[in-house]
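Peer 1: Compact mmCIF, C-alpha atoms, file structure-v5.txt:
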```
# COMPACT_ATOMS: atom_id res chain seq x y z
CA MET C 8 191.25 -222.51 74.50
CA GLU C 9 189.05 -223.85 71.72
CA PRO C 10 189.55 -222.22 68.32
CA ARG C 11 186.90 -219.74 67.16
CA LYS C 12 184.13 -221.07 65.00
CA VAL C 13 184.21 -219.46 61.56
CA ASP C 14 181.49 -219.69 58.93
CA ILE C 15 182.45 -219.98 55.28
CA GLY C 16 180.45 -219.16 52.18
CA VAL C 17 180.31 -221.14 48.94
CA LEU C 18 178.30 -220.48 45.80
CA GLU C 19 175.35 -222.37 44.41
CA GLU C 20 173.14 -221.67 41.41
CA LYS C 21 169.53 -220.89 42.26
CA PRO C 22 166.51 -219.55 40.32
CA SER C 23 166.38 -215.77 40.60
CA TRP C 24 162.98 -215.76 42.27
CA LEU C 25 164.48 -217.56 45.27
CA LEU C 26 166.90 -214.64 45.67
CA HIS C 27 164.11 -212.05 45.91
CA PRO C 28 164.26 -209.60 48.86
CA ARG C 29 161.38 -211.32 50.68
CA PHE C 30 163.60 -214.37 51.25
CA PHE C 31 166.46 -212.27 52.74
CA PRO C 32 169.18 -213.89 50.65
CA SER C 33 172.94 -213.82 50.82
CA LYS C 34 174.07 -213.69 47.22
CA ILE C 35 176.60 -212.69 44.61
CA GLY C 36 175.84 -210.77 41.43
CA GLY C 37 172.61 -209.95 39.66
CA LYS C 38 170.63 -206.99 40.98
CA PRO C 39 170.78 -206.15 44.68
CA SER C 40 167.98 -207.66 46.75
CA TRP C 41 167.41 -204.49 48.74
CA LEU C 42 166.26 -204.79 52.35
CA ASN C 43 164.59 -201.43 52.92
CA LEU C 44 162.66 -201.13 49.67
CA GLN C 45 161.80 -197.43 49.96
CA ASP C 46 164.79 -195.45 51.21
CA LEU C 47 167.41 -196.65 48.74
CA PRO C 48 170.79 -194.93 48.33
CA LYS C 49 170.77 -192.00 45.93
CA SER C 50 172.38 -192.63 42.54
CA SER C 51 175.14 -190.17 43.45
CA GLU C 52 175.98 -192.28 46.51
CA LEU C 53 176.75 -195.32 44.36
CA LEU C 54 179.28 -193.67 42.04
CA CYS C 55 182.90 -194.78 41.86
CA LYS C 56 185.11 -192.29 43.70
CA LYS C 57 187.69 -192.50 40.91
CA CYS C 58 185.85 -192.40 37.58
CA GLN C 59 182.38 -191.27 38.74
CA ASP C 60 180.70 -194.08 36.81
CA PRO C 61 177.92 -196.07 38.51
CA THR C 62 179.21 -198.97 40.56
CA VAL C 63 177.47 -202.34 40.21
CA PHE C 64 176.32 -204.80 42.82
CA LEU C 65 178.96 -207.33 43.89
CA CYS C 66 177.44 -209.18 46.83
CA GLN C 67 175.29 -209.04 49.94
CA VAL C 68 175.47 -210.95 53.22
CA TYR C 69 172.37 -211.42 55.37
CA ALA C 70 173.66 -211.16 58.95
CA PRO C 71 170.92 -210.39 61.49
CA PHE C 72 171.41 -209.56 65.16
CA GLU C 73 168.27 -211.38 66.25
CA ASP C 74 168.66 -210.28 69.89
CA VAL C 75 168.58 -206.59 68.85
CA GLU C 76 165.07 -205.41 68.00
CA ASP C 77 165.88 -203.15 65.06
CA CYS C 78 168.44 -205.61 63.61
CA PHE C 79 166.15 -208.60 63.25
CA HIS C 80 166.77 -208.28 59.51
CA ARG C 81 170.22 -206.97 58.64
CA THR C 82 172.20 -207.10 55.39
CA ILE C 83 175.62 -205.84 54.30
CA PHE C 84 175.87 -204.78 50.62
CA ILE C 85 179.06 -204.35 48.57
CA PHE C 86 179.26 -202.48 45.25
CA ILE C 87 182.26 -202.26 42.91
CA CYS C 88 183.31 -200.28 39.86
CA LYS C 89 183.95 -202.65 36.95
CA ASN C 90 186.47 -200.31 35.36
CA GLY C 91 189.78 -202.11 35.89
CA ASN C 92 191.68 -198.81 35.72
CA CYS C 93 190.03 -197.84 39.02
CA CYS C 94 191.45 -200.90 40.76
CA SER C 95 194.73 -200.12 42.52
CA LYS C 96 196.84 -201.83 45.17
CA ASN C 97 195.40 -201.81 48.70
CA ASN C 98 192.93 -199.08 47.74
CA THR C 99 189.14 -199.26 48.15
CA ASP C 100 188.03 -196.13 46.27
CA ASN C 101 186.31 -198.35 43.68
CA PHE C 102 184.21 -200.09 46.38
CA ILE C 103 181.18 -199.08 48.45
CA VAL C 104 180.00 -200.96 51.57
CA LEU C 105 176.51 -200.35 52.98
CA ARG C 106 174.65 -201.72 56.00
CA CYS C 107 170.85 -201.84 56.23
CA GLN C 108 168.65 -203.24 59.00
CA LEU C 109 164.98 -203.55 59.92
CA PRO C 110 162.93 -204.72 62.90
CA ARG C 111 160.83 -207.83 62.45
CA THR C 112 157.71 -205.66 62.23
CA ASN C 113 158.29 -203.33 59.29
CA ASP C 114 156.59 -201.73 56.29
CA PHE C 115 157.89 -204.16 53.68
CA TYR C 116 157.71 -207.79 54.77
CA SER C 117 155.37 -210.06 56.72
CA TYR C 118 156.13 -210.92 60.32
CA GLN C 119 156.25 -214.64 59.45
CA PRO C 120 158.64 -216.13 56.84
CA TYR C 121 157.34 -216.39 53.30
CA GLU C 122 156.70 -219.74 51.67
CA GLU C 123 159.13 -220.54 48.88
CA LYS C 124 156.73 -219.97 46.00
CA ASP C 125 157.34 -218.18 42.71
CA GLU C 126 154.57 -215.64 43.12
CA GLU C 127 154.08 -211.94 42.62
CA PHE C 128 155.47 -209.55 45.20
CA PRO C 129 154.35 -206.01 44.30
CA MET C 130 157.34 -203.70 43.97
CA ASP C 131 155.59 -200.71 42.40
CA ASN C 132 154.59 -199.51 45.86
CA TRP C 133 158.19 -198.62 46.53
CA THR C 134 161.06 -196.79 44.83
CA LYS C 135 161.46 -197.19 41.08
CA LEU C 136 164.53 -199.21 40.16
CA CYS C 137 167.03 -198.86 37.34
CA ASP C 138 166.01 -201.39 34.69
CA VAL C 139 169.68 -202.20 34.06
CA CYS C 140 171.34 -202.52 37.47
CA GLY C 141 168.55 -202.49 40.07
CA ALA C 142 169.71 -199.33 41.87
CA ARG C 143 167.39 -196.38 42.55
CA GLY C 144 166.02 -195.12 39.23
CA PRO C 145 165.25 -191.40 39.51
CA ALA C 146 165.04 -190.83 35.73
CA HIS C 147 162.84 -192.48 33.12
CA CYS C 148 162.74 -192.86 29.36
CA SER C 149 161.39 -189.56 27.99
CA ARG C 150 159.44 -191.37 25.26
CA CYS C 151 157.58 -194.24 26.94
CA LYS C 152 157.98 -192.98 30.52
CA LYS C 153 157.72 -196.62 31.64
CA VAL C 154 161.35 -197.64 32.20
CA TYR C 155 163.60 -196.13 34.85
CA TYR C 156 167.36 -195.59 35.09
CA CYS C 157 169.99 -194.66 37.67
CA SER C 158 172.13 -192.79 35.13
CA ARG C 159 172.38 -191.68 31.54
CA LYS C 160 175.11 -194.28 31.01
CA HIS C 161 172.76 -197.15 31.84
CA GLN C 162 169.97 -195.59 29.79
CA ILE C 163 172.25 -195.55 26.74
CA ILE C 164 173.27 -199.16 27.31
CA ASP C 165 169.62 -200.22 27.58
CA TRP C 166 168.70 -198.31 24.41
CA GLN C 167 171.45 -200.12 22.53
CA LYS C 168 170.57 -203.52 23.98
CA GLY C 169 166.86 -203.57 23.15
CA HIS C 170 164.85 -200.70 24.58
CA LYS C 171 164.97 -198.94 21.21
CA GLU C 172 162.74 -201.70 19.83
CA GLN C 173 160.59 -202.08 22.98
CA CYS C 174 159.92 -198.39 23.54
CA PRO C 175 157.10 -198.04 20.91
CA GLN C 176 155.42 -201.18 22.30
CA LEU C 177 155.55 -199.76 25.81
CA GLN C 178 154.04 -196.49 24.57
CA SER C 179 151.17 -198.30 22.87
CA GLY C 180 150.59 -200.66 25.78
CA ASP C 181 151.34 -203.78 23.75
CA ILE C 182 153.82 -204.80 26.46
CA VAL C 183 153.91 -203.78 30.11
CA SER C 184 156.97 -202.77 32.12
CA THR C 185 157.15 -204.06 35.68
CA ASN C 186 159.35 -202.70 38.46
CA ASN C 187 160.91 -206.05 39.38
CA PHE C 188 164.24 -207.85 39.63
CA LYS C 189 164.27 -209.49 36.22
CA ILE C 190 167.65 -209.06 34.52
CA THR C 191 167.41 -207.53 31.05
CA LYS C 192 169.81 -207.93 28.12
CA ALA C 193 171.37 -204.64 29.13
CA GLY C 194 171.68 -205.91 32.68
CA GLN C 195 173.44 -209.04 31.47
CA SER C 196 176.12 -206.84 29.90
CA VAL C 197 176.62 -204.82 33.11
CA LEU C 198 175.97 -207.16 36.04
CA PHE C 199 177.84 -210.16 37.39
CA LYS C 200 176.28 -213.60 37.15
CA GLU C 201 173.92 -214.29 40.03
CA TRP C 202 174.67 -216.98 42.65
CA GLU C 203 173.28 -217.83 46.04
CA LEU C 204 175.83 -217.60 48.84
CA ILE C 205 175.49 -220.63 51.12
CA VAL C 206 177.03 -220.03 54.54
CA ASP C 207 177.92 -222.88 56.87
CA GLU C 208 180.42 -223.69 59.62
CA GLU C 209 184.00 -224.34 58.58
CA ASP C 210 185.31 -227.87 59.12
CA GLU C 211 187.81 -228.31 61.92
CA GLU C 212 191.37 -229.16 60.97
CA ASP C 213 192.06 -232.90 60.98
CA PRO C 214 195.68 -233.53 61.97
CA ASN C 215 195.45 -236.97 60.35
CA ASN C 216 194.27 -235.59 57.03
CA THR C 217 197.03 -236.46 54.58
CA ASP C 218 195.24 -234.60 51.80
CA ILE C 219 195.83 -231.14 53.30
CA ASN C 220 199.26 -230.70 51.75
CA GLN C 221 197.91 -231.75 48.38
CA GLU C 222 195.14 -229.15 48.72
CA MET C 223 197.69 -226.46 49.68
CA GLU C 224 199.82 -227.32 46.67
CA LYS C 225 196.74 -227.20 44.47
CA LEU C 226 195.70 -223.80 45.86
CA ASN C 227 199.19 -222.32 45.47
CA LYS C 228 199.36 -223.63 41.92
CA MET C 229 196.00 -222.02 41.12
CA MET C 230 197.23 -218.71 42.49
CA GLN C 231 200.48 -218.85 40.56
CA GLU C 232 198.57 -219.69 37.38
CA LYS C 233 196.28 -216.70 38.06
CA LYS C 234 193.22 -218.92 38.48
CA VAL C 235 192.30 -217.66 41.93
CA GLY C 236 192.52 -213.97 41.17
CA SER C 237 194.73 -212.50 43.86
CA LEU C 238 197.67 -212.30 41.47
CA ASN C 239 195.86 -210.91 38.44
CA ASN C 240 197.47 -207.50 38.50
CA ILE C 241 201.05 -208.64 39.16
CA SER C 242 203.52 -208.62 36.31
CA GLU C 243 205.44 -211.78 35.45
CA SER C 244 208.64 -210.45 37.04
CA GLU C 245 206.78 -209.48 40.23
CA LEU C 246 205.07 -212.87 40.28
CA GLU C 247 208.37 -214.70 40.02
CA GLU C 248 209.86 -212.54 42.76
CA TYR C 249 206.90 -213.14 45.05
CA THR C 250 206.81 -216.87 44.53
CA ARG C 251 210.50 -217.00 45.53
CA THR C 252 209.79 -215.18 48.79
CA VAL C 253 206.34 -216.53 49.61
CA PRO C 254 207.61 -219.66 51.45
CA ASN C 255 209.04 -217.27 54.06
CA ASP C 256 205.74 -215.43 54.47
CA LYS C 257 204.20 -217.17 57.47
CA VAL C 258 200.95 -215.25 57.04
CA PHE C 259 200.55 -216.44 53.46
CA ASN C 260 201.35 -220.01 54.47
CA LYS C 261 198.74 -219.83 57.25
CA PHE C 262 196.25 -218.46 54.73
CA SER C 263 196.96 -221.29 52.28
CA LYS C 264 196.71 -223.98 54.94
CA ARG C 265 193.41 -222.67 56.33
CA VAL C 266 191.83 -222.15 52.92
CA ALA C 267 192.88 -225.64 51.82
CA ARG C 268 190.15 -227.05 54.09
CA HIS C 269 187.61 -225.54 51.68
CA PRO C 270 189.37 -224.31 48.52
CA GLU C 271 186.02 -223.26 47.00
CA GLN C 272 185.18 -220.76 49.77
CA VAL C 273 184.43 -217.20 48.66
CA LEU C 274 183.55 -215.74 52.07
CA ARG C 275 184.66 -216.10 55.70
CA TYR C 276 182.29 -214.79 58.39
CA ASP C 277 183.72 -214.21 61.87
CA ARG C 278 182.02 -211.25 63.54
CA GLY C 279 184.25 -209.86 66.27
CA GLY C 280 187.19 -211.99 65.15
CA VAL C 281 190.16 -211.15 62.97
CA PRO C 282 190.56 -211.52 59.20
CA LEU C 283 192.54 -214.34 57.65
CA TRP C 284 195.13 -212.10 55.98
CA ILE C 285 196.77 -213.23 52.76
CA THR C 286 200.17 -211.63 53.36
CA SER C 287 202.21 -210.00 56.11
CA ASN C 288 202.26 -206.69 54.18
CA ASN C 289 199.82 -205.00 56.56
CA ASP C 290 200.72 -201.34 56.17
CA SER C 291 197.09 -200.42 55.46
CA LEU C 292 195.77 -202.09 58.62
CA VAL C 293 196.93 -199.55 61.17
CA HIS C 294 193.68 -197.68 61.84
CA ILE C 295 190.03 -198.73 61.66
CA PRO C 296 187.92 -195.54 61.79
CA LYS C 297 185.02 -195.30 64.20
CA CYS C 298 181.43 -195.45 63.00
CA GLU C 299 180.64 -192.08 61.46
CA TYR C 300 177.07 -192.17 62.78
CA CYS C 301 177.47 -193.05 66.48
CA ASN C 302 181.24 -192.63 66.93
CA GLY C 303 181.37 -196.18 68.29
CA GLU C 304 183.99 -198.81 67.55
CA ARG C 305 183.89 -200.89 64.41
CA GLN C 306 184.65 -204.60 64.42
CA PHE C 307 185.62 -207.11 61.77
CA GLU C 308 182.59 -208.96 60.41
CA PHE C 309 183.54 -210.89 57.27
CA GLN C 310 185.92 -211.07 54.35
CA ILE C 311 185.55 -211.73 50.64
CA MET C 312 188.09 -214.22 49.34
CA PRO C 313 190.06 -214.08 46.08
CA GLN C 314 188.34 -217.27 44.90
CA LEU C 315 185.23 -215.20 44.15
CA LEU C 316 187.02 -213.71 41.15
CA ASN C 317 186.80 -217.12 39.47
CA PHE C 318 183.01 -216.75 39.33
CA LEU C 319 182.87 -213.14 38.12
CA ASP C 320 184.34 -213.64 34.65
CA VAL C 321 186.54 -210.55 35.00
CA GLY C 322 189.46 -211.97 33.04
CA VAL C 323 193.13 -212.02 33.94
CA GLU C 324 194.32 -209.07 31.88
CA LEU C 325 196.40 -206.42 33.58
CA ASN C 326 193.56 -203.91 33.97
CA SER C 327 190.89 -206.19 35.42
CA ILE C 328 189.40 -205.81 38.89
CA ASP C 329 191.29 -207.77 41.50
CA TRP C 330 191.94 -208.29 45.20
CA GLY C 331 193.71 -210.53 47.67
CA VAL C 332 191.15 -210.26 50.49
CA LEU C 333 188.40 -207.71 51.18
CA ALA C 334 187.92 -207.32 54.94
CA ILE C 335 184.65 -205.70 56.04
CA TYR C 336 184.40 -203.78 59.33
CA THR C 337 180.99 -202.69 60.67
CA CYS C 338 179.66 -200.71 63.61
CA LYS C 339 180.01 -202.95 66.67
CA ALA C 340 176.65 -201.78 68.01
CA SER C 341 175.08 -201.89 64.53
CA CYS C 342 173.66 -198.46 65.31
CA ASN C 343 170.57 -197.09 63.65
CA LYS C 344 171.48 -193.38 63.71
CA GLY C 345 172.05 -192.68 60.02
CA SER C 346 170.15 -193.18 56.80
CA ALA C 347 168.53 -196.51 55.88
CA TYR C 348 171.74 -197.58 54.12
CA MET C 349 174.79 -196.65 56.20
CA LEU C 350 178.39 -196.64 55.03
CA GLU C 351 180.79 -199.17 56.51
CA TYR C 352 184.53 -199.74 56.15
CA MET C 353 186.62 -202.04 53.97
CA ILE C 354 190.31 -202.97 53.88
CA LYS C 355 191.59 -204.34 50.59
CA GLN C 356 194.77 -206.38 50.93
CA ASP C 357 196.71 -207.41 47.83
CA LEU C 358 199.64 -209.74 47.42
CA SER C 359 201.85 -207.45 45.41
CA ASP C 360 204.46 -205.40 47.23
```
As structure tokens, how would this structure be written, given the file I've shared?
Peer 2:
Amino acid sequence: MEPRKVDIGVLEEKPSWLLHPRFFPSKIGGKPSWLNLQDLPKSSELLCKKCQDPTVFLCQVYAPFEDVEDCFHRTIFIFICKNGNCCSKNNTDNFIVLRCQLPRTNDFYSYQPYEEKDEEFPMDNWTKLCDVCGARGPAHCSRCKKVYYCSRKHQIIDWQKGHKEQCPQLQSGDIVSTNNFKITKAGQSVLFKEWELIVDEEDEEDPNNTDINQEMEKLNKMMQEKKVGSLNNISESELEEYTRTVPNDKVFNKFSKRVARHPEQVLRYDRGGVPLWITSNNDSLVHIPKCEYCNGERQFEFQIMPQLLNFLDVGVELNSIDWGVLAIYTCKASCNKGSAYMLEYMIKQDLSD
């Protein structure tokens, strides 16, 4: 039997206009490039379950089912709370996973692909967006009434980061506010840096490749030095204990060997396959709940790798956000029976015992 083909994702810097919704991007950081531009999640639906602060956009993966009419365009979105105190072992309460899909003929985009030109795409026809994070903005500045926010917290941040000076100019009309995806100074303090996620087929293993062991050693060294991220929240004593036992963890060794083909990968896409687990500690993997909208089975679709933490500038202090792998499970039928943005399921697997 031939091994399954797996796609991997790596990051590349791109101008923000190329990551606009009309180009259906896969990306990390910045503001979300929403698919359905009208029926966005409510602000209350994007709050952290632990601290009740707004989550921020982590990434999105464009993954259409082109043979299914209403899934011609389909994107999975992941949001995360940046409060490190909300990050705990094998727990996903600080994450939100959403699925959105559209038929090829829809109210927002042309039937044919757009040319890659930096041109205006009117957004004011649709839902107002938070000027800070790009989520739905139900509230606006009470003075200028031109800038919108998802929450009071983000309004305060924006006031401190420059809106205090801009507000009189907006009131007088000296400057104009536009409902677009430009990242403000306040947004820079809240959001992750924006990258395009380039997805391509994983290289096959070359049994004659003498560099593979060197790459495995390099990867393991990065993890032990807390440069990959999956060990960020482990104390020194726990780290020493784990590194003594890790050679006996066949799952971890398989993970290291597979990742060594592409040490820079931040995503693995294998719809209908199985995750590449980072450790054999799989207590949280017993039950995958059925889709809450159609009661159908969910299947594994993709996973976020610990290498992504290198690009998020989250630090290595004890209370920073962290993960080993984030495995995303979605409705196998990709049903269309809920709201425009439907909740999906995540398993967070960490290295620590």
Peer 1: Could you check which of C:Trp330, C:Trp41, C:Tyr300, C:Tyr336 is closest to Asn101 of chain C, using only C-alpha atoms?
Peer 2: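 So, comparing all the options, the nearest one is C:Trp330.
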Peer 1: Quick one: residues within 10 Å of Asn113 of chain C, only C-alpha atoms counted, chain neighbours fewer than 4 positions away excluded, as a count of residues only?
Peer 2: 6
Peer 1: Is there a way to get, as a list in words, all residues within 12 Å of the point (157.0, -192.0, 30.3) in file coordinates, counting all atoms listed in the file?
Peer 2: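 Result, sorted by chain then residue number: Ala146, His147, Cys148, Ser149, Arg150, Cys151, Lys152, Lys153, Val154, Tyr155, Tyr156, Cys174, Pro175, Leu177, Gln178, Ser179, Gly180 and Ser184 of chain C.
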Peer 1: Dump C-alpha atoms for the selected residues as a compact mmCIF listing (two decimals), keeping the file's coordinate frame?
Peer 2:
```
# COMPACT_ATOMS: atom_id res chain seq x y z
CA ALA C 146 165.04 -190.83 35.73
CA HIS C 147 162.84 -192.48 33.12
CA CYS C 148 162.74 -192.86 29.36
CA SER C 149 161.39 -189.56 27.99
CA ARG C 150 159.44 -191.37 25.26
CA CYS C 151 157.58 -194.24 26.94
CA LYS C 152 157.98 -192.98 30.52
CA LYS C 153 157.72 -196.62 31.64
CA VAL C 154 161.35 -197.64 32.20
CA TYR C 155 163.60 -196.13 34.85
CA TYR C 156 167.36 -195.59 35.09
CA CYS C 174 159.92 -198.39 23.54
CA PRO C 175 157.10 -198.04 20.91
CA LEU C 177 155.55 -199.76 25.81
CA GLN C 178 154.04 -196.49 24.57
CA SER C 179 151.17 -198.30 22.87
CA GLY C 180 150.59 -200.66 25.78
CA SER C 184 156.97 -202.77 32.12
```
Peer 1: Given all atoms listed in the file, how would the per-residue table for segment 42-113 of chain C near segment 193-209 of chain C read, listing every residue at most 12 Å away with its closest atom pair and distance in Å to one decimal, sorted by chain and number, as CSV?
Peer 2:
```
residue,atom,partner,partner_atom,distance
C:Pro61,CA,C:Val197,CA,10.4
C:Thr62,CA,C:Val197,CA,9.8
C:Val63,CA,C:Leu198,CA,6.5
C:Phe64,CA,C:Leu198,CA,7.2
C:Leu65,CA,C:Phe199,CA,7.2
C:Cys66,CA,C:Leu204,CA,8.8
C:Gln67,CA,C:Leu204,CA,8.6
C:Val68,CA,C:Leu204,CA,8.0
C:Tyr69,CA,C:Leu204,CA,9.6
C:Ala70,CA,C:Val206,CA,10.5
C:Phe86,CA,C:Leu198,CA,10.8
C:Ile87,CA,C:Leu198,CA,10.5
C:Cys88,CA,C:Val197,CA,10.5
C:Lys89,CA,C:Val197,CA,8.6
C:Asn90,CA,C:Val197,CA,11.1
```
Peer 1: What does the structure give for the distance between atom CA of Gly279 of chain C and atom CA of Tyr348 of chain C, in Å to one decimal?
Peer 2: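 Distance reported for this atom pair: 21.3 Å.
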Peer 1: Would you mind listing what lies within 10 Å of segment 187-191 of chain C as number ranges by chain, with all atoms listed in the file counted and same-chain residues fewer than 4 positions away left out?
Peer 2: C: 23-24, 26-28, 37-40, 127-131, 135-141, 165, 168-170, 195-198, 201
Peer 1: Grab the atom CA of Leu274 of chain C to atom CA of His294 of chain C distance for me, in Å with one decimal place.
Peer 2: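 Distance between the two atoms: 22.9 Å.
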Peer 1: Which is closer to Ile15 of chain C than all the others in C:Cys58, C:Met312, C:Cys94, C:Ile83, using only C-alpha atoms?
Peer 2: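 Of C:Cys58, C:Met312, C:Cys94, C:Ile83, the one nearest Ile15 of chain C is C:Met312, counting only C-alpha atoms.
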Peer 1: Here is a test: counting all atoms listed in the file, which residue of C:Arg81, C:Lys56, C:Arg305, C:His269 is nearest to Asn98 of chain C?
Peer 2: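 When distances to Asn98 of chain C are compared using all atoms listed in the file, the smallest one comes from C:Lys56.
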Peer 1: Show which residues sit within 9 Å of Glu271 of chain C, as a PyMOL selection string. Count all atoms listed in the file, and ignore same-chain residues fewer than 3 positions away.
Peer 2: chain C and resi 16-18+266-267+314-315
Peer 1: Write the residues of the selection above to a file with C-alpha atoms, as an mmCIF file, keeping the file's coordinate frame.
Peer 2:
```cif
data_model
loop_
_atom_site.group_PDB
_atom_site.id
_atom_site.type_symbol
_atom_site.label_atom_id
_atom_site.label_comp_id
_atom_site.auth_asym_id
_atom_site.auth_seq_id
_atom_site.Cartn_x
_atom_site.Cartn_y
_atom_site.Cartn_z
ATOM 1 C CA GLY C 16 180.450 -219.160 52.180
ATOM 2 C CA VAL C 17 180.310 -221.140 48.940
ATOM 3 C CA LEU C 18 178.300 -220.480 45.800
ATOM 4 C CA VAL C 266 191.830 -222.150 52.920
ATOM 5 C CA ALA C 267 192.880 -225.640 51.820
ATOM 6 C CA GLN C 314 188.340 -217.270 44.900
ATOM 7 C CA LEU C 315 185.230 -215.200 44.150
#
```
Peer 1: Go through C:Lys49, C:Thr82, C:Leu54, C:Arg29 and flag the residue nearest Pro120 of chain C, using only C-alpha atoms for the distances.
Peer 2: C:Arg29
Peer 1: Around all listed atoms of segment 125-133 of chain C, padded 8 Å per side, what centre and edge lengths does the axis-aligned box have in Å to one decimal, as lines of an AutoDock Vina configuration file?
Peer 2:
```
center_x = 156.1
center_y = -208.4
center_z = 44.5
size_x = 20.1
size_y = 35.6
size_z = 20.1
```
Peer 1: If I take atom CA of Asp114 of chain C and atom CA of Arg278 of chain C, how far is one from the other in Å, to one decimal?
Peer 2: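 Pair atom CA of Asp114 of chain C / atom CA of Arg278 of chain C returns 28.1 Å.
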Peer 1: When distances are computed from all atoms listed in the file, which of C:Asn302, C:Thr112, C:Thr286, C:Gln162 shows the smallest separation from Ala340 of chain C?
Peer 2: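 Among the listed residues, C:Asn302 lies closest to Ala340 of chain C.
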Peer 1: Using all atoms listed in the file, find the one residue out of C:Asp125, C:Glu19, C:Asp329, C:Asp357 that sits nearest to Asn92 of chain C.
Peer 2: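 Closest to Asn92 of chain C of all the choices is C:Asp329.
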